[in-house]
Structures are given as structure tokens and as C-alpha cells.
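Structure data follow from input_17.cif (mmCIF, C-alpha atoms and all ligand atoms):
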```
data_coords
loop_
_atom_site.label_atom_id
_atom_site.label_comp_id
_atom_site.auth_asym_id
_atom_site.auth_seq_id
_atom_site.Cartn_x
_atom_site.Cartn_y
_atom_site.Cartn_z
CA MET A 83 92.66 64.73 120.54
CA GLN A 84 89.88 65.22 123.06
CA LEU A 85 86.56 65.74 121.36
CA PRO A 86 83.27 66.38 123.09
CA THR A 87 80.75 63.92 121.77
CA GLY A 88 77.48 65.76 122.06
CA GLY A 89 76.28 64.62 118.67
CA THR A 90 75.67 68.19 117.52
CA PRO A 91 76.45 68.44 113.81
CA GLU A 92 79.58 70.33 112.92
CA ILE A 93 80.69 72.27 109.92
CA ALA A 94 84.42 72.80 109.55
CA ILE A 95 85.86 75.96 108.07
CA ALA A 96 89.36 76.16 106.66
CA GLY A 97 91.42 78.38 104.45
CA ARG A 98 94.83 79.86 103.92
CA SER A 99 95.70 82.51 106.42
CA ASN A 100 94.49 85.93 105.36
CA ALA A 101 91.88 84.45 103.02
CA GLY A 102 89.12 86.01 105.13
CA LYS A 103 88.20 83.06 107.33
CA SER A 104 87.83 84.98 110.63
CA SER A 105 85.67 87.59 108.94
CA ALA A 106 83.50 84.87 107.42
CA ILE A 107 83.12 83.24 110.84
CA ASN A 108 82.07 86.57 112.31
CA ALA A 109 79.48 86.99 109.59
CA LEU A 110 78.06 83.49 109.98
CA ALA A 111 78.40 82.62 113.65
CA GLN A 112 77.27 84.03 116.94
CA HIS A 113 79.57 83.33 119.78
CA THR A 114 82.51 81.19 120.51
CA ARG A 115 83.48 78.52 122.91
CA LEU A 116 86.74 76.76 123.17
CA ALA A 117 86.63 73.11 122.51
CA TYR A 118 88.99 70.65 121.01
CA VAL A 119 92.31 70.35 122.62
CA SER A 120 95.26 68.40 121.40
CA LYS A 121 98.10 68.01 123.84
CA THR A 122 101.62 67.16 122.90
CA PRO A 123 104.49 67.59 125.30
CA GLY A 124 104.96 71.30 125.77
CA ARG A 125 102.20 72.29 123.42
CA THR A 126 98.45 72.57 123.43
CA GLN A 127 96.47 73.16 120.28
CA HIS A 128 92.87 74.16 119.98
CA ILE A 129 90.12 74.03 117.43
CA ASN A 130 87.77 76.85 118.27
CA LEU A 131 84.07 76.21 117.98
CA PHE A 132 81.40 78.75 117.12
CA ARG A 133 77.63 78.43 117.20
CA LEU A 134 75.81 78.91 113.90
CA ARG A 135 72.31 80.35 113.77
CA SER A 136 71.06 76.89 112.79
CA GLY A 137 72.38 75.51 116.08
CA ALA A 138 75.16 73.55 114.41
CA LEU A 139 78.75 74.16 115.44
CA LEU A 140 81.36 75.77 113.25
CA ALA A 141 84.81 74.33 113.85
CA ASP A 142 87.55 76.78 112.96
CA LEU A 143 90.45 74.78 111.58
CA PRO A 144 93.65 76.76 111.98
CA GLY A 145 95.11 78.23 108.82
CA TYR A 146 97.06 75.99 106.59
CA GLY A 147 100.02 77.08 104.58
CA TYR A 148 101.64 78.70 107.55
CA ALA A 149 105.29 79.10 106.69
CA LYS A 150 106.19 80.34 110.15
CA VAL A 151 105.83 77.19 112.20
CA PRO A 152 108.70 74.70 112.19
CA ALA A 153 108.38 71.83 109.74
CA ALA A 154 107.97 69.22 112.46
CA MET A 155 105.17 71.21 114.02
CA ARG A 156 103.55 71.74 110.66
CA ALA A 157 103.53 68.01 110.01
CA TYR A 158 102.05 67.35 113.41
CA TRP A 159 99.44 70.04 112.99
CA GLN A 160 98.41 68.80 109.58
CA GLN A 161 97.98 65.37 111.06
CA PHE A 162 95.80 66.75 113.83
CA ILE A 163 93.57 68.55 111.33
CA ALA A 164 93.57 65.60 108.95
CA ARG A 165 92.42 63.32 111.73
CA TYR A 166 89.65 65.70 112.63
CA LEU A 167 88.47 65.92 109.01
CA ALA A 168 88.74 62.20 108.39
CA GLU A 169 87.34 60.86 111.62
CA ARG A 170 84.95 63.35 113.12
CA VAL A 171 81.58 61.61 113.02
CA GLU A 172 79.65 64.84 113.57
CA LEU A 173 81.26 66.55 110.58
CA ALA A 174 78.54 67.46 108.07
CA GLY A 175 80.68 69.36 105.59
CA LEU A 176 83.59 71.68 104.98
CA LEU A 177 83.53 75.36 104.17
CA LEU A 178 86.68 76.29 102.30
CA VAL A 179 87.54 79.96 102.25
CA MET A 180 89.50 81.41 99.34
CA ASP A 181 90.29 84.99 98.48
CA VAL A 182 88.33 85.60 95.27
CA ARG A 183 91.48 87.11 93.80
CA HIS A 184 93.54 83.95 94.46
CA PRO A 185 91.22 80.96 94.24
CA LEU A 186 92.29 77.31 94.09
CA THR A 187 95.87 77.61 95.23
CA ASP A 188 98.00 74.47 95.28
CA LEU A 189 97.22 74.02 98.95
CA ASP A 190 93.49 74.37 98.33
CA LEU A 191 93.70 71.76 95.59
CA LYS A 192 95.66 69.42 97.82
CA LEU A 193 93.07 69.70 100.55
CA LEU A 194 90.23 69.13 98.06
CA ASP A 195 91.96 66.15 96.46
CA TRP A 196 92.35 64.58 99.86
CA PHE A 197 88.97 65.50 101.34
CA VAL A 198 86.51 65.18 98.44
CA PRO A 199 86.95 61.42 97.89
CA ARG A 200 85.84 60.92 101.49
CA GLY A 201 82.34 61.77 100.32
CA ARG A 202 81.55 64.71 102.57
CA PRO A 203 80.40 67.92 100.93
CA VAL A 204 82.53 71.02 100.40
CA HIS A 205 81.26 74.54 99.89
CA ILE A 206 83.74 77.15 98.72
CA LEU A 207 83.39 80.76 99.78
CA LEU A 208 85.13 83.12 97.37
CA THR A 209 85.65 85.85 99.91
CA LYS A 210 86.30 89.58 99.61
CA CYS A 211 84.24 89.61 96.41
CA ASP A 212 83.66 93.31 97.00
CA LYS A 213 87.26 93.79 95.91
CA LEU A 214 86.31 92.87 92.33
CA GLY A 215 83.85 94.44 89.92
CA THR A 216 80.66 92.58 89.11
CA GLN A 217 82.00 91.24 85.84
CA ALA A 218 85.27 90.00 87.30
CA GLN A 219 83.33 88.35 90.14
CA ALA A 220 81.16 86.46 87.65
CA GLN A 221 84.18 85.46 85.58
CA THR A 222 86.01 84.12 88.62
CA LEU A 223 82.95 82.19 89.76
CA ASP A 224 82.63 80.65 86.28
CA LYS A 225 86.30 79.74 86.19
CA VAL A 226 86.25 78.09 89.58
CA HIS A 227 83.07 76.21 88.62
CA ALA A 228 84.76 74.99 85.45
CA SER A 229 87.92 73.90 87.29
CA LEU A 230 85.92 71.95 89.86
CA GLU A 231 83.77 70.42 87.17
CA GLY A 232 86.93 69.37 85.32
CA ALA A 233 88.53 67.92 88.42
CA TYR A 234 85.57 66.27 90.12
CA GLY A 235 82.59 66.53 87.77
CA ASN A 236 82.39 62.86 86.88
CA ARG A 237 82.99 61.59 90.36
CA GLY A 238 79.75 62.56 92.02
CA ALA A 239 81.59 65.03 94.22
CA LYS A 240 79.52 67.32 96.36
CA ILE A 241 81.26 70.61 95.77
CA SER A 242 79.60 73.98 95.46
CA VAL A 243 80.97 77.50 95.26
CA GLN A 244 79.70 81.01 95.79
CA LEU A 245 80.82 84.62 96.05
CA PHE A 246 81.06 86.01 99.57
CA SER A 247 81.87 89.29 101.25
CA ALA A 248 81.92 89.64 105.02
CA THR A 249 82.43 93.38 104.70
CA ARG A 250 79.43 93.94 102.44
CA ARG A 251 77.50 91.01 103.87
CA VAL A 252 77.14 89.37 100.48
CA GLY A 253 76.33 85.68 100.27
CA ILE A 254 75.47 85.01 103.90
CA ALA A 255 71.99 83.63 103.15
CA GLU A 256 73.42 81.49 100.35
CA ALA A 257 76.05 79.99 102.64
CA GLU A 258 73.45 79.36 105.33
CA ALA A 259 71.15 77.67 102.82
CA THR A 260 73.92 75.29 101.80
CA ILE A 261 74.70 74.47 105.41
CA ALA A 262 70.99 73.94 106.13
CA GLN A 263 70.88 71.45 103.28
CA TRP A 264 73.82 69.54 104.74
CA LEU A 265 72.10 69.41 108.10
CA SER A 266 68.80 68.11 106.80
CA PRO A 267 69.18 66.87 103.26
CA ALA A 268 65.86 66.51 101.43
CA ASP A 269 66.69 62.94 100.47
CA SER A 270 67.06 61.79 104.07
CA SER A 271 63.36 62.22 104.78
CA GLY A 272 62.68 58.75 103.45
CA ALA A 273 60.81 60.15 100.47
P1 LIG A 301 91.92 85.07 108.03
O1 LIG A 301 93.38 85.17 108.28
O2 LIG A 301 91.64 84.11 106.92
O3 LIG A 301 91.11 84.78 109.25
O4 LIG A 301 91.46 86.47 107.41
P2 LIG A 301 90.71 87.71 108.08
O5 LIG A 301 89.25 87.46 108.20
O6 LIG A 301 91.43 88.14 109.29
O7 LIG A 301 90.88 88.77 106.91
C1 LIG A 301 92.14 89.09 106.37
C2 LIG A 301 92.08 90.51 105.84
O8 LIG A 301 91.11 90.62 104.80
C3 LIG A 301 91.64 91.52 106.89
O9 LIG A 301 92.34 92.72 106.65
C4 LIG A 301 90.16 91.71 106.62
O10 LIG A 301 89.69 92.98 107.00
C5 LIG A 301 90.09 91.54 105.13
N1 LIG A 301 88.78 91.01 104.72
C6 LIG A 301 88.18 89.90 105.18
N2 LIG A 301 86.98 89.72 104.59
C7 LIG A 301 86.82 90.75 103.73
C8 LIG A 301 85.78 91.12 102.80
O11 LIG A 301 84.74 90.46 102.66
N3 LIG A 301 85.99 92.23 102.07
C9 LIG A 301 87.13 92.98 102.19
N4 LIG A 301 87.24 94.05 101.40
N5 LIG A 301 88.11 92.68 103.04
C10 LIG A 301 87.96 91.57 103.81
#
```
So, in terms of C-alpha cells, how does the structure I just supplied come out?
Amino acid sequence: MQLPTGGTPEIAIAGRSNAGKSSAINALAQHTRLAYVSKTPGRTQHINLFRLRSGALLADLPGYGYAKVPAAMRAYWQQFIARYLAERVELAGLLLVMDVRHPLTDLDLKLLDWFVPRGRPVHILLTKCDKLGTQAQAQTLDKVHASLEGAYGNRGAKISVQLFSATRRVGIAEAEATIAQWLSPADSSGA
């Protein structure tokens, strides 16, 4: 994996395909540039980078749960992404995109179980919230909160969750505030 080492902080964004990740990127980021390249014989893979308004980079991790790619490729690809998430020094946190109507799938839980113990923060965007009524949105948010609390509550995990809609532009400021906190946490000021 060839990674530029500019030292600019990065936020990764991941999610099952069709969860609304591209739409969330469009709502949060400005323009794109191609960056990370992984070369295997006969194949080149990319992680696309976008620039956030804060100046940090948003690294678009390709969708997981893809049934279409051959198993061997899937294993390789997972390894590529896993290495990025485990080793990338610039990585300040992970945005995990879930369709508000199908939150915390098995794959999401697997990723969380693997990533959370590494100590980096995760912020979950429950996307397409406009597809639910206000009450159902609140109920889903509560349920996801409770599940995360049950799974990670006692372990000091840094996990947060919010409702999001790219279409209605709901939750953009909230997501940006969380990212801003990752980039300059109050407790790193020496106070
Ligand atoms: P990705 O595969 O995760 O990148 O998902 P996309 O961003 O391409 O979105 C998948 C589908 O959901 C598309 O048809 C989008 O138009 C739709 N979608 C994405 N975000 C929203 C949203 O906030 N509200 C609604 N109603 N539809 C959305």
C-alpha cells in the first residue's frame, strides 16, 4: 500500500454498499483527489480521498459486504482495508454509515468489534433518516445507543451516533462538530 505521508489528519468513512456513504461524502466533503493505491498483480485498488471543510481528509473505504467479488479478492481487500484502519498513523477516527432502517448489521458489528478496541473513536451516521417519521427516528437512535452501551459501555469506548440525511441535509453540523473534536480534542491542550 502506498500512502502519502503528509501528516494531514484523516477520517475514514465506511459502510455497507447502498447505506448512503457516497451521499454522506457529498454532503460533508468538497472535492476529491485520488490517493492510496494498492497494487497486486493484475489489479489496482484505490482509496479515494476527499477534503473536508476542516482541512482534514476523508478516506472513502470501499463498501464492505460486497457479495459480487470473488472470495479470494474479498479476503485480500479486507486485509487492505484492515491494514489501513489498523496502521494509518494519521487516522483520527472512523465514520460508520448505516441505513437508519437497518442499523448494526452483523458486518457493522464485526467491524466495530475489531476496530473499537484499538482505541480510535467511531461516529455512526444513521443515514436516510428522512425515510422515517420523527418518532421512529428517535426510537432507532435510542435503540442503537442502548446496543452500543450494552456492547462497549464499560470499556471506555469512544462511540457516538447521530441521525443523518444527505437529502434533507440533516445532521451535517453535528457530524462536523464530532470530527472537529477528534481533530483538536479539548483535553490535548494541556489543561
Ligand atoms: P452508497 O452505496 O453507500 O455510497 O450509497 P449512496 O450514497 O449511493 O446511496 C444509496 C441510495 O440511497 C441512493 O439511491 C441514494 O439516493 C439514497 N440516499 C442516500 N442518502 C439518502 C438520504 O439521506 N435520504 C434518502 N431519502 N435517500 C438517500
Which residues form the shell of 6 Å around ligand LIG 301 (chain A) when you count all atoms listed in the file, given as a list in words? Ser99, Asn100, Ala101, Gly102, Lys103, Ser104, Ser105, Thr209, Lys210, Asp212, Lys213, Ser247, Ala248 and Thr249 of chain A
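Picture a line from CA of Arg200 (chain A) to CA of Gln112 (chain A); it runs 29.1 Å.
With only C-alpha atoms as the atoms that count, the minimum distance from Pro203 (chain A) to the choices A:Asn108, A:Phe132, A:Gln160, A:Gly238 is reached by A:Gly238.
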Could you give me, as a VMD selection string, the residues within 8 Å of Arg133 (chain A), counting only C-alpha atoms and dropping anything in the same chain fewer than 2 positions from it? chain A and resid 111 to 114 131 135 137 to 140
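Take the candidates A:Leu193, A:Ile93, A:Cys211, A:Ile241 and check each one against Glu258 (chain A) using only C-alpha atoms; the shortest distance goes to A:Ile93.
Non-sequential neighbours of Trp264 (chain A) (distance at most 12 Å, separation of 3 or more positions within a chain, only C-alpha atoms) are Pro91, Glu92, Ile93, Ser136, Ala138, Glu172, Leu173, Ala174, Gly175, Leu176, Leu177, Arg202, Pro203, Val204, His205, Lys240, Ile241, Ser242, Ala257, Glu258, Ala259, Thr260, Ile261, Pro267, Ala268, Asp269 and Ser270 of chain A.
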All residues 9 Å or closer to Leu186 (chain A), all atoms listed in the file, same chain fewer than 6 positions away omitted, as a list in words: Met180, Val226 and Ser229 of chain A
